[in-house]
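Chemist: Below is one structure. I have some questions about it.
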Amino acid sequence: MRTPFSRAVTAVSLLLLAVSGSLFAASFPDRPITLVIPLSPGGSHDLHARGITPDLGKILGQPVVVKFLPGGAGMKGTGFVAEAKPDGYTILFTHNYFDQMVPQTRKVPFDALKSFHTLGRINYSQPMFITWPGTKLKTLKDVVARAKADPGRMTFGHSGVWSVMYTPMMQFVQAAHIKVNLIPHKGGGPTLKAVLAHQDDVGGVFATQSRPHFKAGKIVPLVVVGEKRLVGDPDFGNVPSMTELGYPTVTSTMDRIFMAPAGMPPDRLNKLRSAFDQLVKQQAVKDFIQNLGDGIKYMNGSDYDALRPAKYETFTELIKTMTAK
């Protein structure tokens, strides 16, 4: 039989347990967070992360440590995060092609639409095709003429099969009826390095990473992928678009997104999403990304998650079109 004293002890114990549990939940994070980038250093994700992680760490009260895991067309790093403990201490900085397209083209150990929650989309960008001065290629017309004159010899570097660079290159090759040698690299950084080292004739890059090399006269921009030019860009605003040059089907836009493994406790997911909501309001972050030439085009995590199934289906149809015989 329980005495009044034993009942009191039990009540106090339950109260202490509830308090300690709430304190534990409120303490997240209490150690550094690992931000996995499924690409090599030197690309646009690396550049963005440099300006984002310090302020994100201040908001969360813990350092955010970047871990590069390139390989497998982005699936090595993506799979690592998908299989990580969903406790909020391992998150992913990726893009829509790795999230929604590549998993449809190969066997992966996760379900793309069920294994992740979006924390926030920071912005989006159009790719460019570039070359180096020694190729003597000045326009996209020059590229087509040389490729037709010597089929299969020109090298086109990209950031991995079915990536944001590979896809428009394949679309262009098909639309222009040319043959080239497509060279895969482990991200935008290695792709750019291959052009700068004169290993590839043409490379797919972003304005953010190629800007200093353009100013130094080491690269020649050929075309912006998509319908429109990079209007207002101080260096690349006059580079023509694919649509202008007669290739309206050659399109590609990279959504830069932060994600976390599904199954995370709601309070931790909400805290991380709230941190990104706060991050994009920081003036230092705004200035940094603006200086890169991209700017912030933010969408919160829940809104982006709502769009992912439709975006996934769009890529499904694109894959069918590109692989049709």
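Chain labels follow the order of the structure tokens: the first chain is A, the next B, and so on; residue numbering restarts at 1 in every chain, and ligands are counted from 1 in their shown order.
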Env of stretch 199-203 of chain A: 7 Å cut, atoms = only C-alpha atoms, seq-sep filter 4 positions within chain, self excluded. Answer as a list in words.
Modeler: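 Everything that qualifies: Phe129, Ile130, Thr131, Thr135, Met154, Thr155, Phe156, Gly157, His158, Thr191, Leu192, Ala194 and Val195 of chain A.
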Chemist: Need the shell around A:Gly79: protein/DNA/RNA residues with any atom at most 8 Å away, counting only C-alpha atoms. Skip same-chain ones fewer than 2 positions apart. Format as a PDB file with N, CA, C and O atoms, in the first residue's frame?
Modeler:
```
ATOM      1  N   MET A  75      25.647  11.158 -54.707  1.00  0.00           N
ATOM      2  CA  MET A  75      24.917  10.206 -53.878  1.00  0.00           C
ATOM      3  C   MET A  75      25.719   9.683 -52.683  1.00  0.00           C
ATOM      4  O   MET A  75      25.139   9.182 -51.730  1.00  0.00           O
ATOM      5  N   LYS A  76      27.043   9.801 -52.720  1.00  0.00           N
ATOM      6  CA  LYS A  76      27.839   9.374 -51.572  1.00  0.00           C
ATOM      7  C   LYS A  76      27.496  10.225 -50.351  1.00  0.00           C
ATOM      8  O   LYS A  76      27.163   9.705 -49.277  1.00  0.00           O
ATOM      9  N   GLY A  77      27.575  11.540 -50.510  1.00  0.00           N
ATOM     10  CA  GLY A  77      27.262  12.434 -49.400  1.00  0.00           C
ATOM     11  C   GLY A  77      25.789  12.431 -49.048  1.00  0.00           C
ATOM     12  O   GLY A  77      25.417  12.485 -47.867  1.00  0.00           O
ATOM     13  N   VAL A  81      24.027  11.247 -45.291  1.00  0.00           N
ATOM     14  CA  VAL A  81      23.093  12.002 -44.453  1.00  0.00           C
ATOM     15  C   VAL A  81      21.771  11.256 -44.304  1.00  0.00           C
ATOM     16  O   VAL A  81      21.165  11.251 -43.229  1.00  0.00           O
ATOM     17  N   ALA A  82      21.317  10.608 -45.384  1.00  0.00           N
ATOM     18  CA  ALA A  82      20.060   9.849 -45.313  1.00  0.00           C
ATOM     19  C   ALA A  82      20.124   8.774 -44.237  1.00  0.00           C
ATOM     20  O   ALA A  82      19.113   8.478 -43.582  1.00  0.00           O
ATOM     21  N   GLU A  83      21.305   8.184 -44.047  1.00  0.00           N
ATOM     22  CA  GLU A  83      21.463   7.102 -43.084  1.00  0.00           C
ATOM     23  C   GLU A  83      21.949   7.577 -41.713  1.00  0.00           C
ATOM     24  O   GLU A  83      22.103   6.778 -40.792  1.00  0.00           O
ATOM     25  N   VAL A 108      19.726   3.784 -55.235  1.00  0.00           N
ATOM     26  CA  VAL A 108      20.244   4.455 -54.043  1.00  0.00           C
ATOM     27  C   VAL A 108      19.593   3.825 -52.801  1.00  0.00           C
ATOM     28  O   VAL A 108      18.477   3.306 -52.874  1.00  0.00           O
ATOM     29  N   PRO A 109      20.278   3.855 -51.658  1.00  0.00           N
ATOM     30  CA  PRO A 109      19.773   3.196 -50.445  1.00  0.00           C
ATOM     31  C   PRO A 109      18.791   4.054 -49.653  1.00  0.00           C
ATOM     32  O   PRO A 109      18.729   3.960 -48.426  1.00  0.00           O
ATOM     33  N   PHE A 110      18.037   4.897 -50.329  1.00  0.00           N
ATOM     34  CA  PHE A 110      17.078   5.747 -49.634  1.00  0.00           C
ATOM     35  C   PHE A 110      15.968   6.146 -50.606  1.00  0.00           C
ATOM     36  O   PHE A 110      16.104   6.002 -51.819  1.00  0.00           O
TER      37      PHE A 110
END
```
Chemist: Would you mind writing down, as a PyMOL selection string, each residue of stretch 174-263 of chain A that DSSP on the backbone assigns to alpha helix (DSSP H)?
Modeler: chain A and resi 174-176+188-196+207-215
Chemist: Once you count only C-alpha atoms, what closest atom pair and distance in Å to one decimal does each residue of stretch 110-198 of chain A within 12 Å of stretch 48-59 of chain A have, with rows by chain and rising residue number, as CSV?
Modeler:
```
residue,atom,partner,partner_atom,distance
A:Ile122,CA,A:His48,CA,9.3
A:Asn123,CA,A:His48,CA,10.0
A:Tyr124,CA,A:His48,CA,11.6
```
Chemist: Set out as a tab-separated table a contact list for stretch 42-150 of chain A and stretch 296-313 of chain A with a cut-off of 8 Å, giving each residue of stretch 42-150 of chain A that qualifies its closest atom pair and distance in Å to one decimal, counting only C-alpha atoms, ordered by chain and rising residue number.
Modeler:
```
residue	atom	partner	partner_atom	distance
A:Gln100	CA	A:Tyr312	CA	5.0
A:Met101	CA	A:Tyr312	CA	6.7
A:Leu113	CA	A:Pro309	CA	7.1
A:His117	CA	A:Asp305	CA	6.7
A:Thr118	CA	A:Gly301	CA	4.5
A:Leu119	CA	A:Gly301	CA	4.3
A:Gly120	CA	A:Gly301	CA	4.1
A:Arg121	CA	A:Met299	CA	5.1
A:Ile122	CA	A:Tyr298	CA	4.8
A:Asn123	CA	A:Lys297	CA	4.3
A:Tyr124	CA	A:Lys297	CA	6.8
```
Chemist: Store the residues of this selection in a file with all heavy atoms, as a PDB file, in the first residue's frame.
Modeler:
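That gives us out_6.pdb:
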```pdb
ATOM      1  N   GLN A 100      16.362  15.446 -56.460  1.00  0.00           N
ATOM      2  CA  GLN A 100      15.164  15.029 -57.183  1.00  0.00           C
ATOM      3  C   GLN A 100      15.422  14.299 -58.500  1.00  0.00           C
ATOM      4  O   GLN A 100      14.528  13.600 -58.993  1.00  0.00           O
ATOM      5  CB  GLN A 100      14.291  16.268 -57.477  1.00  0.00           C
ATOM      6  CG  GLN A 100      13.867  17.013 -56.231  1.00  0.00           C
ATOM      7  CD  GLN A 100      13.809  18.506 -56.404  1.00  0.00           C
ATOM      8  OE1 GLN A 100      13.557  19.001 -57.504  1.00  0.00           O
ATOM      9  NE2 GLN A 100      14.057  19.254 -55.335  1.00  0.00           N
ATOM     10  N   MET A 101      16.619  14.441 -59.061  1.00  0.00           N
ATOM     11  CA  MET A 101      16.863  13.829 -60.360  1.00  0.00           C
ATOM     12  C   MET A 101      17.773  12.607 -60.302  1.00  0.00           C
ATOM     13  O   MET A 101      17.405  11.525 -60.758  1.00  0.00           O
ATOM     14  CB  MET A 101      17.448  14.848 -61.346  1.00  0.00           C
ATOM     15  CG  MET A 101      17.545  14.318 -62.766  1.00  0.00           C
ATOM     16  SD  MET A 101      18.107  15.573 -63.928  1.00  0.00           S
ATOM     17  CE  MET A 101      17.530  14.912 -65.482  1.00  0.00           C
ATOM     18  N   LEU A 113      12.084  11.168 -51.740  1.00  0.00           N
ATOM     19  CA  LEU A 113      10.993  12.015 -51.261  1.00  0.00           C
ATOM     20  C   LEU A 113      10.598  11.746 -49.813  1.00  0.00           C
ATOM     21  O   LEU A 113       9.862  12.522 -49.220  1.00  0.00           O
ATOM     22  CB  LEU A 113       9.772  11.861 -52.166  1.00  0.00           C
ATOM     23  CG  LEU A 113       9.919  12.432 -53.583  1.00  0.00           C
ATOM     24  CD1 LEU A 113       8.658  12.180 -54.392  1.00  0.00           C
ATOM     25  CD2 LEU A 113      10.234  13.929 -53.540  1.00  0.00           C
ATOM     26  N   HIS A 117      13.814  16.092 -45.018  1.00  0.00           N
ATOM     27  CA  HIS A 117      12.982  17.287 -44.875  1.00  0.00           C
ATOM     28  C   HIS A 117      13.852  18.489 -45.253  1.00  0.00           C
ATOM     29  O   HIS A 117      15.028  18.553 -44.881  1.00  0.00           O
ATOM     30  CB  HIS A 117      12.480  17.463 -43.447  1.00  0.00           C
ATOM     31  CG  HIS A 117      11.404  16.498 -43.062  1.00  0.00           C
ATOM     32  ND1 HIS A 117      10.241  16.353 -43.785  1.00  0.00           N
ATOM     33  CD2 HIS A 117      11.314  15.640 -42.015  1.00  0.00           C
ATOM     34  CE1 HIS A 117       9.474  15.441 -43.212  1.00  0.00           C
ATOM     35  NE2 HIS A 117      10.114  14.981 -42.146  1.00  0.00           N
ATOM     36  N   THR A 118      13.286  19.425 -45.973  1.00  0.00           N
ATOM     37  CA  THR A 118      14.022  20.635 -46.331  1.00  0.00           C
ATOM     38  C   THR A 118      14.048  21.601 -45.156  1.00  0.00           C
ATOM     39  O   THR A 118      13.035  21.808 -44.486  1.00  0.00           O
ATOM     40  CB  THR A 118      13.369  21.330 -47.542  1.00  0.00           C
ATOM     41  OG1 THR A 118      13.210  20.393 -48.608  1.00  0.00           O
ATOM     42  CG2 THR A 118      14.225  22.488 -48.030  1.00  0.00           C
ATOM     43  N   LEU A 119      15.214  22.187 -44.921  1.00  0.00           N
ATOM     44  CA  LEU A 119      15.362  23.211 -43.896  1.00  0.00           C
ATOM     45  C   LEU A 119      15.201  24.602 -44.494  1.00  0.00           C
ATOM     46  O   LEU A 119      14.739  25.522 -43.828  1.00  0.00           O
ATOM     47  CB  LEU A 119      16.730  23.085 -43.220  1.00  0.00           C
ATOM     48  CG  LEU A 119      17.018  21.730 -42.570  1.00  0.00           C
ATOM     49  CD1 LEU A 119      18.430  21.704 -42.015  1.00  0.00           C
ATOM     50  CD2 LEU A 119      15.997  21.425 -41.489  1.00  0.00           C
ATOM     51  N   GLY A 120      15.580  24.749 -45.766  1.00  0.00           N
ATOM     52  CA  GLY A 120      15.418  26.023 -46.444  1.00  0.00           C
ATOM     53  C   GLY A 120      16.140  26.018 -47.786  1.00  0.00           C
ATOM     54  O   GLY A 120      17.149  25.334 -47.950  1.00  0.00           O
ATOM     55  N   ARG A 121      15.579  26.723 -48.754  1.00  0.00           N
ATOM     56  CA  ARG A 121      16.288  26.969 -50.019  1.00  0.00           C
ATOM     57  C   ARG A 121      16.875  28.363 -49.933  1.00  0.00           C
ATOM     58  O   ARG A 121      16.159  29.341 -49.758  1.00  0.00           O
ATOM     59  CB  ARG A 121      15.335  26.888 -51.220  1.00  0.00           C
ATOM     60  CG  ARG A 121      16.082  27.080 -52.552  1.00  0.00           C
ATOM     61  CD  ARG A 121      15.144  27.430 -53.702  1.00  0.00           C
ATOM     62  NE  ARG A 121      14.596  28.781 -53.552  1.00  0.00           N
ATOM     63  CZ  ARG A 121      13.640  29.279 -54.317  1.00  0.00           C
ATOM     64  NH1 ARG A 121      13.068  28.533 -55.246  1.00  0.00           N
ATOM     65  NH2 ARG A 121      13.192  30.512 -54.126  1.00  0.00           N
ATOM     66  N   ILE A 122      18.195  28.456 -50.097  1.00  0.00           N
ATOM     67  CA  ILE A 122      18.858  29.741 -49.916  1.00  0.00           C
ATOM     68  C   ILE A 122      18.743  30.611 -51.170  1.00  0.00           C
ATOM     69  O   ILE A 122      18.546  31.814 -51.101  1.00  0.00           O
ATOM     70  CB  ILE A 122      20.336  29.545 -49.487  1.00  0.00           C
ATOM     71  CG1 ILE A 122      20.887  30.813 -48.853  1.00  0.00           C
ATOM     72  CG2 ILE A 122      21.201  29.095 -50.636  1.00  0.00           C
ATOM     73  CD1 ILE A 122      20.428  31.018 -47.441  1.00  0.00           C
ATOM     74  N   ASN A 123      18.883  29.982 -52.350  1.00  0.00           N
ATOM     75  CA  ASN A 123      18.739  30.710 -53.618  1.00  0.00           C
ATOM     76  C   ASN A 123      18.765  29.717 -54.779  1.00  0.00           C
ATOM     77  O   ASN A 123      18.770  28.503 -54.580  1.00  0.00           O
ATOM     78  CB  ASN A 123      19.819  31.781 -53.793  1.00  0.00           C
ATOM     79  CG  ASN A 123      21.237  31.239 -53.773  1.00  0.00           C
ATOM     80  OD1 ASN A 123      21.465  30.054 -53.955  1.00  0.00           O
ATOM     81  ND2 ASN A 123      22.207  32.111 -53.564  1.00  0.00           N
ATOM     82  N   TYR A 124      18.783  30.240 -55.985  1.00  0.00           N
ATOM     83  CA  TYR A 124      18.895  29.407 -57.185  1.00  0.00           C
ATOM     84  C   TYR A 124      19.720  30.154 -58.226  1.00  0.00           C
ATOM     85  O   TYR A 124      19.834  31.383 -58.188  1.00  0.00           O
ATOM     86  CB  TYR A 124      17.517  29.029 -57.743  1.00  0.00           C
ATOM     87  CG  TYR A 124      16.591  30.194 -57.992  1.00  0.00           C
ATOM     88  CD1 TYR A 124      16.625  30.900 -59.192  1.00  0.00           C
ATOM     89  CD2 TYR A 124      15.670  30.592 -57.026  1.00  0.00           C
ATOM     90  CE1 TYR A 124      15.780  31.968 -59.417  1.00  0.00           C
ATOM     91  CE2 TYR A 124      14.816  31.654 -57.238  1.00  0.00           C
ATOM     92  CZ  TYR A 124      14.875  32.339 -58.440  1.00  0.00           C
ATOM     93  OH  TYR A 124      14.032  33.414 -58.655  1.00  0.00           O
TER      94      TYR A 124
END
```
Chemist: Extract, using only C-alpha atoms, all DNA, RNA and protein residues at most 12 Å from stretch 62-70 of chain A, discarding same-chain residues fewer than 4 positions from it, and format them as a PyMOL selection string.
Modeler: chain A and resi 27-43+45-58+74-81+88-94+98+159-160+185-190+272+275
Chemist: Between atom CA of A:Val143 and atom CA of A:Ala175, what is the distance in Å, rounded to a tenth?
Modeler: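 Interatomic distance here is 13.2 Å.
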Chemist: Looking at A:Leu230, A:Val161, A:Met169, A:Leu196, which one is nearest to A:Phe214, with distances taken over only C-alpha atoms?
Modeler: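 Under the stated criterion, the closest residue is A:Leu196.
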Chemist: Hey, which of A:Pro168, A:Arg229, A:Lys136, A:Pro86 ends up closest to A:Ser115? Count only C-alpha atoms.
Modeler: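 Nearest to A:Ser115: A:Pro86.
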Chemist: Using the chain letters and numbers from this document, which residues of stretch 115-285 of chain A does DSSP assign to strand (DSSP E), as a count of residues only?
Modeler: 39
Chemist: Which is closer to A:Met254 than all the others in A:Asp287, A:Asp111, A:Asp294, A:Asp150, using only C-alpha atoms?
Modeler: A:Asp294
Chemist: Could you state the separation of atom CA of A:Ala84 and atom CA of A:Met259 in Å, given to one decimal place?
Modeler: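 We find that atom CA of A:Ala84 and atom CA of A:Met259 lie 12.2 Å from each other.
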Chemist: Point out the residue among A:Thr139, A:Thr249, A:Ser274, A:Thr208 with the least atom-to-atom distance to A:Ile289, counting only C-alpha atoms.
Modeler: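 Closest residue, counting only C-alpha atoms: A:Thr208.
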Chemist: Considering only C-alpha atoms, can you say which of A:Lys228, A:Arg273, A:Arg153, A:His213 comes closest to A:Leu245?
Modeler: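 Using only C-alpha atoms, A:Leu245 sits closest to A:Lys228.
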